[in-house]
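Engineer: The following file, run_2.tsv, comprises TSV, C-alpha atoms and all ligand atoms:
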```
chain	number	residue	atom	x	y	z
A	3	MET	CA	2.54	37.01	2.28
A	4	THR	CA	5.61	34.90	3.02
A	5	ILE	CA	6.39	33.19	6.30
A	6	SER	CA	9.91	33.40	7.73
A	7	THR	CA	11.57	30.63	9.70
A	8	ASP	CA	14.97	29.85	11.22
A	9	ARG	CA	14.74	26.14	10.45
A	10	PRO	CA	15.60	24.54	7.10
A	11	VAL	CA	12.44	24.30	4.99
A	12	ALA	CA	10.88	21.15	3.57
A	13	VAL	CA	7.90	21.37	1.21
A	14	ILE	CA	5.57	18.41	0.80
A	15	THR	CA	2.74	18.05	-1.69
A	16	GLY	CA	-0.27	15.85	-0.96
A	17	ALA	CA	0.54	16.36	2.72
A	18	SER	CA	-2.97	15.96	4.21
A	19	SER	CA	-2.80	12.16	4.57
A	20	GLY	CA	-0.83	8.98	3.91
A	21	ILE	CA	2.84	9.17	2.90
A	22	GLY	CA	2.71	12.98	2.68
A	23	ALA	CA	1.41	13.43	6.22
A	24	ALA	CA	3.82	10.86	7.64
A	25	THR	CA	6.72	12.54	5.84
A	26	ALA	CA	5.68	15.90	7.28
A	27	ARG	CA	5.93	14.43	10.79
A	28	GLU	CA	9.22	12.67	9.99
A	29	LEU	CA	10.93	15.77	8.59
A	30	ALA	CA	9.61	18.00	11.38
A	31	GLY	CA	11.16	15.51	13.81
A	32	ARG	CA	14.43	16.02	11.97
A	33	GLY	CA	14.32	19.78	12.54
A	34	PHE	CA	12.62	21.04	9.39
A	35	HIS	CA	9.96	23.70	9.14
A	36	VAL	CA	7.50	21.83	6.95
A	37	PHE	CA	5.20	23.54	4.46
A	38	LEU	CA	2.28	21.21	3.86
A	39	GLY	CA	0.59	21.61	0.49
A	40	ALA	CA	-2.83	20.00	0.11
A	41	ARG	CA	-6.33	20.59	-1.19
A	42	ARG	CA	-7.83	19.40	2.10
A	43	THR	CA	-6.44	22.15	4.33
A	44	GLU	CA	-8.80	21.20	7.18
A	45	LEU	CA	-6.64	18.06	7.54
A	46	SER	CA	-3.22	19.58	6.80
A	47	GLU	CA	-3.82	22.44	9.24
A	48	LYS	CA	-4.20	19.95	12.10
A	49	ILE	CA	-0.91	18.27	11.20
A	50	ALA	CA	0.81	21.64	10.80
A	51	ALA	CA	-0.35	22.67	14.27
A	52	GLU	CA	1.07	19.44	15.75
A	53	ILE	CA	4.49	19.85	14.15
A	54	ASP	CA	4.80	23.65	14.20
A	55	GLY	CA	4.68	23.76	10.41
A	56	THR	CA	2.61	25.70	7.89
A	57	ALA	CA	-0.37	24.41	5.92
A	58	LEU	CA	-1.03	26.08	2.57
A	59	PRO	CA	-3.75	25.33	0.01
A	60	LEU	CA	-2.40	23.54	-3.04
A	61	ASP	CA	-4.07	21.96	-6.05
A	62	VAL	CA	-1.22	20.69	-8.22
A	63	THR	CA	-3.54	20.55	-11.24
A	64	ASP	CA	-4.10	24.33	-11.09
A	65	VAL	CA	-1.33	26.64	-12.37
A	66	ASP	CA	-2.50	29.61	-10.28
A	67	SER	CA	-2.71	27.51	-7.13
A	68	VAL	CA	0.86	26.29	-7.63
A	69	SER	CA	2.10	29.87	-8.23
A	70	ALA	CA	0.41	31.18	-5.08
A	71	PHE	CA	1.77	28.22	-3.08
A	72	ALA	CA	5.36	28.78	-4.25
A	73	ALA	CA	5.11	32.54	-3.68
A	74	ALA	CA	4.28	31.95	0.00
A	75	ILE	CA	7.39	29.83	0.59
A	76	PRO	CA	10.44	31.95	1.44
A	77	THR	CA	13.15	29.35	0.86
A	78	ALA	CA	13.29	25.59	0.36
A	79	ARG	CA	15.92	22.96	1.00
A	80	VAL	CA	13.76	19.87	0.40
A	81	LEU	CA	10.82	19.27	-1.91
A	82	VAL	CA	8.84	16.04	-1.63
A	83	ASN	CA	6.70	15.50	-4.75
A	84	ASN	CA	4.13	13.21	-3.19
A	85	ALA	CA	0.77	14.37	-4.60
A	86	GLY	CA	-0.80	11.96	-7.05
A	87	GLY	CA	-2.67	8.72	-7.15
A	88	ALA	CA	-4.69	6.29	-9.21
A	89	LYS	CA	-8.28	6.30	-10.45
A	90	GLY	CA	-9.86	3.11	-11.64
A	91	MET	CA	-8.54	-0.14	-13.06
A	92	ALA	CA	-9.51	-0.83	-16.66
A	93	SER	CA	-8.00	-2.41	-19.71
A	94	VAL	CA	-6.63	-0.13	-22.40
A	95	ARG	CA	-9.55	-1.25	-24.54
A	96	ASP	CA	-12.00	0.06	-21.94
A	97	ALA	CA	-9.92	3.06	-20.81
A	98	ASP	CA	-11.76	5.90	-19.12
A	99	GLU	CA	-10.24	9.11	-20.53
A	100	GLU	CA	-11.32	11.18	-17.54
A	101	HIS	CA	-9.44	8.82	-15.23
A	102	TRP	CA	-6.36	8.98	-17.43
A	103	ARG	CA	-6.53	12.78	-17.56
A	104	TRP	CA	-6.76	13.02	-13.77
A	105	MET	CA	-3.79	10.65	-13.28
A	106	TRP	CA	-1.62	12.50	-15.78
A	107	GLU	CA	-2.62	15.90	-14.38
A	108	THR	CA	-1.84	15.00	-10.77
A	109	ASN	CA	1.16	12.67	-11.04
A	110	VAL	CA	2.94	14.08	-14.10
A	111	LEU	CA	1.97	17.70	-14.71
A	112	GLY	CA	1.55	18.30	-10.98
A	113	THR	CA	5.14	17.20	-10.38
A	114	LEU	CA	6.31	19.34	-13.29
A	115	ARG	CA	4.51	22.47	-12.07
A	116	VAL	CA	5.57	22.27	-8.43
A	117	THR	CA	9.16	21.33	-9.25
A	118	ARG	CA	9.56	24.22	-11.69
A	119	ALA	CA	7.99	26.68	-9.28
A	120	LEU	CA	10.29	25.72	-6.40
A	121	LEU	CA	13.48	25.05	-8.33
A	122	PRO	CA	14.87	28.62	-7.89
A	123	ALA	CA	14.42	28.40	-4.11
A	124	LEU	CA	15.93	24.90	-3.94
A	125	LEU	CA	18.97	26.02	-5.94
A	126	ALA	CA	19.33	29.21	-3.89
A	127	SER	CA	19.51	27.14	-0.69
A	128	GLY	CA	22.90	25.86	-1.87
A	129	ASP	CA	21.96	22.32	-0.78
A	130	GLY	CA	18.62	21.38	-2.36
A	131	HIS	CA	16.99	17.96	-2.49
A	132	ILE	CA	14.05	16.84	-4.63
A	133	ILE	CA	12.36	13.63	-3.56
A	134	THR	CA	9.75	12.24	-5.93
A	135	VAL	CA	7.45	9.50	-4.68
A	136	THR	CA	6.80	7.36	-7.73
A	137	SER	CA	5.81	3.69	-7.34
A	138	VAL	CA	6.69	0.18	-8.44
A	139	ALA	CA	4.22	1.19	-11.17
A	140	ALA	CA	7.01	3.45	-12.49
A	141	LEU	CA	9.17	0.34	-12.98
A	142	GLU	CA	6.61	-2.22	-14.16
A	143	THR	CA	3.35	-2.33	-16.05
A	144	TYR	CA	0.37	-4.49	-15.11
A	145	ASP	CA	-2.93	-5.48	-16.73
A	146	ASN	CA	-5.73	-2.97	-16.23
A	147	GLY	CA	-3.29	-0.45	-14.79
A	148	ALA	CA	-1.99	1.41	-17.85
A	149	GLY	CA	-3.51	4.76	-16.89
A	150	TYR	CA	-1.59	4.71	-13.62
A	151	THR	CA	1.57	2.89	-14.73
A	152	SER	CA	1.97	5.20	-17.74
A	153	ALA	CA	1.57	8.27	-15.52
A	154	LYS	CA	4.07	6.91	-12.98
A	155	HIS	CA	6.55	6.01	-15.73
A	156	ALA	CA	6.23	9.57	-17.09
A	157	GLN	CA	6.61	11.14	-13.65
A	158	ALA	CA	9.74	9.05	-13.09
A	159	ALA	CA	11.12	10.02	-16.51
A	160	LEU	CA	10.69	13.69	-15.61
A	161	HIS	CA	12.47	13.17	-12.28
A	162	ARG	CA	15.32	11.08	-13.75
A	163	THR	CA	15.83	13.63	-16.54
A	164	LEU	CA	16.30	16.36	-13.96
A	165	ARG	CA	19.05	14.29	-12.34
A	166	GLY	CA	21.06	14.82	-15.55
A	167	GLU	CA	19.96	18.37	-16.30
A	168	LEU	CA	20.89	19.59	-12.83
A	169	LEU	CA	24.23	17.83	-12.70
A	170	GLY	CA	26.80	20.26	-11.28
A	171	GLU	CA	24.13	22.22	-9.37
A	172	PRO	CA	23.83	21.93	-5.58
A	173	ILE	CA	20.79	19.71	-5.70
A	174	ARG	CA	20.14	16.03	-5.01
A	175	LEU	CA	17.41	13.92	-6.56
A	176	THR	CA	15.96	10.82	-4.97
A	177	GLU	CA	13.19	8.66	-6.42
A	178	ILE	CA	11.20	6.64	-3.88
A	179	ALA	CA	9.30	3.75	-5.50
A	180	PRO	CA	7.01	2.00	-3.02
A	181	GLY	CA	4.95	-1.12	-3.57
A	182	LEU	CA	1.95	-1.93	-1.38
A	183	VAL	CA	1.47	0.82	1.21
A	184	GLU	CA	-1.82	0.90	3.09
A	185	THR	CA	-3.13	4.45	2.75
A	186	GLU	CA	-6.16	6.05	1.09
A	187	PHE	CA	-4.54	5.10	-2.24
A	188	SER	CA	-6.79	2.12	-3.01
A	189	LEU	CA	-9.89	3.80	-1.59
A	190	VAL	CA	-9.36	6.65	-4.09
A	191	ARG	CA	-8.57	4.21	-6.90
A	192	PHE	CA	-11.80	2.30	-6.28
A	193	ASP	CA	-13.92	5.41	-5.68
A	194	GLY	CA	-14.53	4.73	-1.97
A	195	ASP	CA	-15.30	0.99	-2.29
A	196	GLU	CA	-13.84	-0.31	0.99
A	197	ASP	CA	-14.18	-4.01	0.12
A	198	LYS	CA	-12.17	-3.61	-3.06
A	199	ALA	CA	-9.60	-1.44	-1.30
A	200	ASP	CA	-9.19	-3.88	1.62
A	201	LYS	CA	-8.58	-6.79	-0.77
A	202	VAL	CA	-5.46	-5.07	-2.12
A	203	TYR	CA	-3.77	-5.48	1.28
A	204	ALA	CA	-5.43	-8.73	2.40
A	205	GLY	CA	-3.34	-11.66	3.64
A	206	LEU	CA	-0.07	-9.78	4.00
A	207	THR	CA	1.41	-7.00	6.09
A	208	PRO	CA	1.62	-3.96	3.81
A	209	LEU	CA	4.02	-1.09	4.34
A	210	THR	CA	2.71	1.82	6.35
A	211	ALA	CA	3.04	5.46	5.36
A	212	GLY	CA	5.46	5.76	8.28
A	213	ASP	CA	7.72	3.05	6.82
A	214	VAL	CA	8.10	5.10	3.66
A	215	ALA	CA	8.51	8.39	5.54
A	216	GLU	CA	11.41	6.94	7.57
A	217	VAL	CA	13.23	6.07	4.36
A	218	ILE	CA	12.66	9.60	3.05
A	219	GLY	CA	14.04	10.94	6.33
A	220	PHE	CA	17.12	8.75	5.91
A	221	ALA	CA	17.73	9.94	2.32
A	222	VAL	CA	17.38	13.59	3.30
A	223	SER	CA	19.72	13.24	6.26
A	224	ARG	CA	22.70	11.80	4.32
A	225	PRO	CA	25.65	14.18	3.88
A	226	SER	CA	25.23	16.55	0.91
A	227	HIS	CA	27.62	14.64	-1.36
A	228	VAL	CA	25.60	11.39	-1.01
A	229	ASN	CA	22.74	11.03	-3.51
A	230	LEU	CA	20.46	8.05	-3.04
A	231	ASP	CA	19.20	7.85	-6.63
A	232	THR	CA	16.38	5.30	-6.47
A	233	ILE	CA	14.93	3.45	-3.51
A	234	VAL	CA	12.41	0.65	-4.15
A	235	LEU	CA	10.59	-0.59	-1.06
A	236	LYS	CA	7.99	-3.32	-0.79
A	237	PRO	CA	6.51	-5.50	1.90
A	238	ARG	CA	8.47	-8.72	2.49
A	239	ASP	CA	5.60	-10.68	0.94
A	240	GLN	CA	5.54	-8.66	-2.30
A	241	ALA	CA	8.00	-9.61	-5.06
A	242	SER	CA	6.62	-7.39	-7.84
A	243	ALA	CA	3.60	-5.25	-8.69
A	244	THR	CA	1.71	-8.42	-9.65
A	245	ARG	CA	3.21	-11.06	-7.38
A	246	ALA	CA	2.54	-11.22	-3.64
A	247	PHE	CA	2.25	-14.04	-1.11
A	248	ARG	CA	-1.02	-13.88	0.78
A	249	ARG	CA	-1.95	-15.93	3.84
A	250	SER	CA	-5.64	-16.86	4.02
A	301	LIG	C1	0.94	1.86	-5.79
A	301	LIG	C2	1.56	0.51	-6.00
A	301	LIG	O1	1.37	-1.76	-7.13
A	301	LIG	O2	-0.70	-0.58	-6.67
A	301	LIG	O3	1.73	2.90	-6.25
A	301	LIG	O4	0.73	0.16	-8.46
A	301	LIG	S1	0.69	-0.43	-7.12
```
What's the structure tokens form of this structure?

Structural biologist:
Amino acid sequence: MTISTDRPVAVITGASSGIGAATARELAGRGFHVFLGARRTELSEKIAAEIDGTALPLDVTDVDSVSAFAAAIPTARVLVNNAGGAKGMASVRDADEEHWRWMWETNVLGTLRVTRALLPALLASGDGHIITVTSVAALETYDNGAGYTSAKHAQAALHRTLRGELLGEPIRLTEIAPGLVETEFSLVRFDGDEDKADKVYAGLTPLTAGDVAEVIGFAVSRPSHVNLDTIVLKPRDQASATRAFRRS
């Protein structure tokens, strides 16, 4: 079953919380019919009801789930590849292969699957836009973070390669690379350990999901000939992935 709409369509993965949910609200406010893809549909359905959008089940690690998701979307002008995340922090010497597999499946192969599935619809719109939310971890490496930084580097390489491969097609590509954003990110990374997660943002004012969503809204709303290639955003007190000023 496909759902028809008069509004331009934006598709967001990982839309049940954090940057994905905030971007859903932002783009709905800019006149889009938003399709929210997420595993936790009990959360995405609430957001969809608020913004007159559509929540669909999506597990980006599952080929059949991605196919069913794409088949339900009639047309697409914007795709926001937001699903992904980190699991664990360990040295390469002590790497947990299951954690690595999860990070590569969600961030890298998830982005590949969803982008390929929606590319025909984005091209057919005559004015497509692919936004990929990477991270400062796509630009830098840091100790005990190789599982995540390698996945984010690979996701970014995929996205940047498409910028060349689609040259001449009616499609823009924007990479959004945030630093410290307070979402469920660290809670997931540290398997629900709130103390560890809170410490990541302690002593400074982190970005909010809304801060990132506003920037995505800005990129999407430029005229069609303007391609914002890469946008790196960090809190004022963060200079790099490993260097932040914290007040006690
Ligand atoms: C999250 C930012 O610095 O924790 O994507 O890798 S960082």

Engineer: Rounded to one decimal, what separation in Å do you get between CA of Ile132 (chain A) and CA of Trp104 (chain A)?

Structural biologist: 23.0 Å

Engineer: Residues at most 8 Å from ligand LIG 301 (chain A), using only C-alpha atoms and all ligand atoms? Could they come as a list in words?

Structural biologist: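 Within the 8 Å cut-off, the matching residues are Gly87, Ala88, Thr136, Ser137, Val138, Ala139, Gly147, Tyr150, Thr151, Ala179, Pro180, Gly181, Leu182, Val183, Phe187, Ser188, Val202, Ser242, Ala243 and Thr244 of chain A.
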
Engineer: Within 8 Å of region 189-196 of chain A, counting only C-alpha atoms, which residues qualify if same-chain residues fewer than 3 places away don't, as number ranges by chain?

Structural biologist: A: 87-91, 186, 199-200

Engineer: Find, counting all atoms listed in the file, the residue in A:Glu99, A:Glu177, A:Glu107, A:Asp213 that gets nearest to Leu141 (chain A).

Structural biologist: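 Answer, going by the shortest atom-to-atom distance: A:Glu177.
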
Engineer: Could you give me, as a compact mmCIF listing (two decimals) with C-alpha atoms, in the coordinates of the input, the residues within 10 Å of region 108-115 of chain A, counting only C-alpha atoms and dropping anything in the same chain fewer than 4 positions from it?

Structural biologist:
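Now in part14.txt:
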```txt
# COMPACT_ATOMS: atom_id res chain seq x y z
CA THR A 15 2.74 18.05 -1.69
CA GLY A 16 -0.27 15.85 -0.96
CA ASP A 61 -4.07 21.96 -6.05
CA VAL A 62 -1.22 20.69 -8.22
CA THR A 63 -3.54 20.55 -11.24
CA ASP A 64 -4.10 24.33 -11.09
CA VAL A 65 -1.33 26.64 -12.37
CA VAL A 68 0.86 26.29 -7.63
CA SER A 69 2.10 29.87 -8.23
CA VAL A 82 8.84 16.04 -1.63
CA ASN A 83 6.70 15.50 -4.75
CA ASN A 84 4.13 13.21 -3.19
CA ALA A 85 0.77 14.37 -4.60
CA GLY A 86 -0.80 11.96 -7.05
CA GLY A 87 -2.67 8.72 -7.15
CA ALA A 88 -4.69 6.29 -9.21
CA ARG A 103 -6.53 12.78 -17.56
CA TRP A 104 -6.76 13.02 -13.77
CA ALA A 119 7.99 26.68 -9.28
CA LEU A 120 10.29 25.72 -6.40
CA THR A 134 9.75 12.24 -5.93
CA VAL A 135 7.45 9.50 -4.68
CA THR A 136 6.80 7.36 -7.73
CA TYR A 150 -1.59 4.71 -13.62
CA SER A 152 1.97 5.20 -17.74
CA ALA A 153 1.57 8.27 -15.52
CA LYS A 154 4.07 6.91 -12.98
CA HIS A 155 6.55 6.01 -15.73
CA ALA A 156 6.23 9.57 -17.09
CA GLN A 157 6.61 11.14 -13.65
CA ALA A 158 9.74 9.05 -13.09
CA ALA A 159 11.12 10.02 -16.51
CA LEU A 160 10.69 13.69 -15.61
CA HIS A 161 12.47 13.17 -12.28
```

Engineer: Mind pulling up the distance from CA of Phe220 (chain A) to CA of Thr77 (chain A)?

Structural biologist: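 For CA of Thr77 (chain A) relative to CA of Phe220 (chain A), the distance reads 21.6 Å.
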
Engineer: Check the smallest atom-to-atom distance from each of A:Asp239, A:Asp96, A:Glu44, A:Asp129 to Gly205 (chain A) using all atoms listed in the file, then report the winner.

Structural biologist: A:Asp239

Engineer: In Å to one decimal, how far is CA of Arg79 (chain A) from CA of Ser127 (chain A)?

Structural biologist: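 Taking CA of Ser127 (chain A) and CA of Arg79 (chain A), their separation equals 5.8 Å.
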